[in-house]
There are 2 protein chains.
Amino acid sequence: MSAAGPPQGANYAPSGGSAAAELANEAASVGVNIGTLVVVGVGLIGGSCALALRAAGATSRIVGVGRGRHNLDDALRRGIIDVAYTLDEDWASELAMADVVMVAAPLSQYPALLSMIAPAIGSQTIVTDAGSTKQDVIATARTTFRDAISRFVPGHPIAGSERSGALAADGTLFAGRNVILTPVSETAPDASTLVTELWQTCGARVTTMSPAAHDRVLAAVSHLPHMLAFALVAELSSRQDSADLFSYAGSGFRDVTRIAASSPSMWRDVALANRAALQDELARYRAALDAAARMLAESDGAGLAALFERAAIARRGLDSSGQASGDVT
Amino acid sequence: MSAAGPPQGANYAPSGGSAAAELANEAASVGVNIGTLVVVGVGLIGGSCALALRAAGATSRIVGVGRGRHNLDDALRRGIIDVAYTLDEDWASELAMADVVMVAAPLSQYPALLSMIAPAIGSQTIVTDAGSTKQDVIATARTTFRDAISRFVPGHPIAGSERSGALAADGTLFAGRNVILTPVSETAPDASTLVTELWQTCGARVTTMSPAAHDRVLAAVSHLPHMLAFALVAELSSRQDSADLFSYAGSGFRDVTRIAASSPSMWRDVALANRAALQDELARYRAALDAAARMLAESDGAGLAALFERAAIARRGLDSSGQASGDVT
């Protein structure tokens, strides 16, 4: 079972090829071998991961666990999973022989899920997750896994969509995307290596950082933007003439607010789980917005132009770097 | 010259066909005939309008006027215009015989441009514009056109892109999009009718509203979202670790901030021109954001979930209505 074997280094393609070709070569050469994969939460992320690993021939059996029978049936029908358990069935019996358990469930379910998983895994089983925040997940994992915390690899694929569920799963979702792992001091190196290879097999670029750094970065580039978009649409929709207003919304408004269609319960969980970092980001943003409002109040055209110019240069740079590295905007 | 002829009513296709087919029929049946069109500002909007009218066979001669020779050469090369003048050349001599003058230039240039246009137009010439705000444009037009204000039709096509210039022009830009006209009491009905038909020929849906209502609606669904996106990117880009932060930006961040790549000078002009309405919108938004921040500070999960839910329902509704009416998201 490769999970316990020596780490296999990825053979990178010679430089000079395209970024996409390098990623493809990298994925093909990793050769990760996961006998049984248990996916807890067969939604957009868990389902897409299962599809990508199956397409790469990296796993021979995929067990799906979820709250609702309907979504599991969708996943079975699409060939995402081979076996399905609802949470109230005996899925714990699958864990002793599992090579990898991927937790891709809402953050609010982690305490209950990890409490069931921790006592049931085998000595070689590696548990990893796809949660949007990491410090709180690690705190929960420490209290549930105790000494077995060495087998838990905290992770977060930076990919998503406002869509959810097994029907939204897509085996190419992670191609060229970043996956951040936040191993702690106790994490077993072989466990980190296997999870790295798992995501590389899905086509992702894997980096590691501290849990605190992860939570700060994601608060800035993901959690704050979600709050801003939710607040904007909620404010406009609360007005009597909201239907009129929305009927004149152009493509810019649609772009800005697309993520406001995301799962409310998932984002409530994320906001609460990463509360401290998100509060810092909100405070910084409100100060920036206050400064812009002051410029407007003072008809400070030069100040506004300079502010917009800084933003435009940075945003255009993001597009060029995104395209160069194969990221899908 | 049709500009002075009786208004021609559009023959709408029988209901029951698709929205797109109705729009196509509507455009084909309008049969607007603009002998000479002068486009002042051959950028994304002016250039796209020229391309659409030429493709429909609605005009026989298009004169382009602009600040830079380079952009005008691009426009000539792409067949967007037949003749080009830079602003310091004698383009005023074209105005007496022009059927329609379309001003699609930055708002800050309006006082100078309208001062040149007003005394030079013929008695049958109709002037219209594509400016993002309307009350300030009308104030400028009143002081420059005086009695000839009856020939000026204030307009605003709700279409755009973070791209600009003649190379970004696209004859299908207005297909299915809204164009708002804000005629005033003095506006000649035949002038409004011709401009309505002009935009219908471009494939747009034309509605009218008061200048004040226009400015309020656009402040809410366009100007405010631009301010929010500019402020977000500017704030993040001011940090020492901004390159790191941006490298982990996913598709959500890219969507939210796409319009922050828009023209800084154009948006400085818009913000100043629609200052009062934009300040109202900023105040409402800051109050909404403060409320969200309070919920977060109090770990009010139910409040956050309800806020996100309101937004998600409204935003999903926007997608379905947009698709039903053929709007491009």
# chains A, B, ... in the order shown; residues from 1 in each chain; ligands from 1
$ interface_residues --of "chain B" --to "chain A" --cutoff "6 Å" --atoms "only C-alpha atoms" --output "JSON, numbers by chain"
{"B": [217, 221, 230, 233, 234, 245, 249, 251, 255, 256, 260, 261, 264, 265, 268, 304, 305, 308, 309, 310, 311, 312, 315, 316, 329]}
$ residues_around --residues "Gly64 in chain A" --least-positions-apart "5" --cutoff "7 Å" --atoms "only C-alpha atoms" --output "mmCIF file with C-alpha atoms, in the first residue's frame"
data_model
loop_
_atom_site.group_PDB
_atom_site.id
_atom_site.type_symbol
_atom_site.label_atom_id
_atom_site.label_comp_id
_atom_site.auth_asym_id
_atom_site.auth_seq_id
_atom_site.Cartn_x
_atom_site.Cartn_y
_atom_site.Cartn_z
ATOM 1 C CA VAL A 38 -13.309 7.160 1.531
ATOM 2 C CA VAL A 39 -14.832 10.499 0.571
ATOM 3 C CA VAL A 40 -16.870 12.069 3.373
ATOM 4 C CA VAL A 42 -19.516 13.830 -2.028
ATOM 5 C CA ILE A 81 -18.245 6.472 -6.018
ATOM 6 C CA VAL A 83 -20.320 2.334 -2.570
ATOM 7 C CA ALA A 84 -22.492 4.780 -0.657
ATOM 8 C CA TYR A 85 -23.320 5.205 3.024
#
$ select_by_dssp --residues "range 115-164 of chain B" --states "strand (DSSP E or B)" --output "PyMOL selection string"
chain B and resi 126-129+152-153+155-157
$ closest_residue --among "A:Pro183, A:Arg67, A:Pro211, A:Gly176" --to "Asp136 in chain A" --atoms "only C-alpha atoms"
A:Pro211
$ select_by_dssp --residues "range 62-211 of chain B" --states "alpha helix (DSSP H)" --output "ChimeraX atom specification"
/B:69-77,110-117,135-145,189-201,211
$ residues_around --residues "Ala92 in chain B" --least-positions-apart "2" --cutoff "12 Å" --atoms "only C-alpha atoms" --output "MDAnalysis selection string"
chainID B and resid 38 40 63:65 85:90 94:98 101 113:122
$ atom_distance --atom1 "CA of Ala58 in chain A" --atom2 "CA of Pro106 in chain A"
25.6 Å
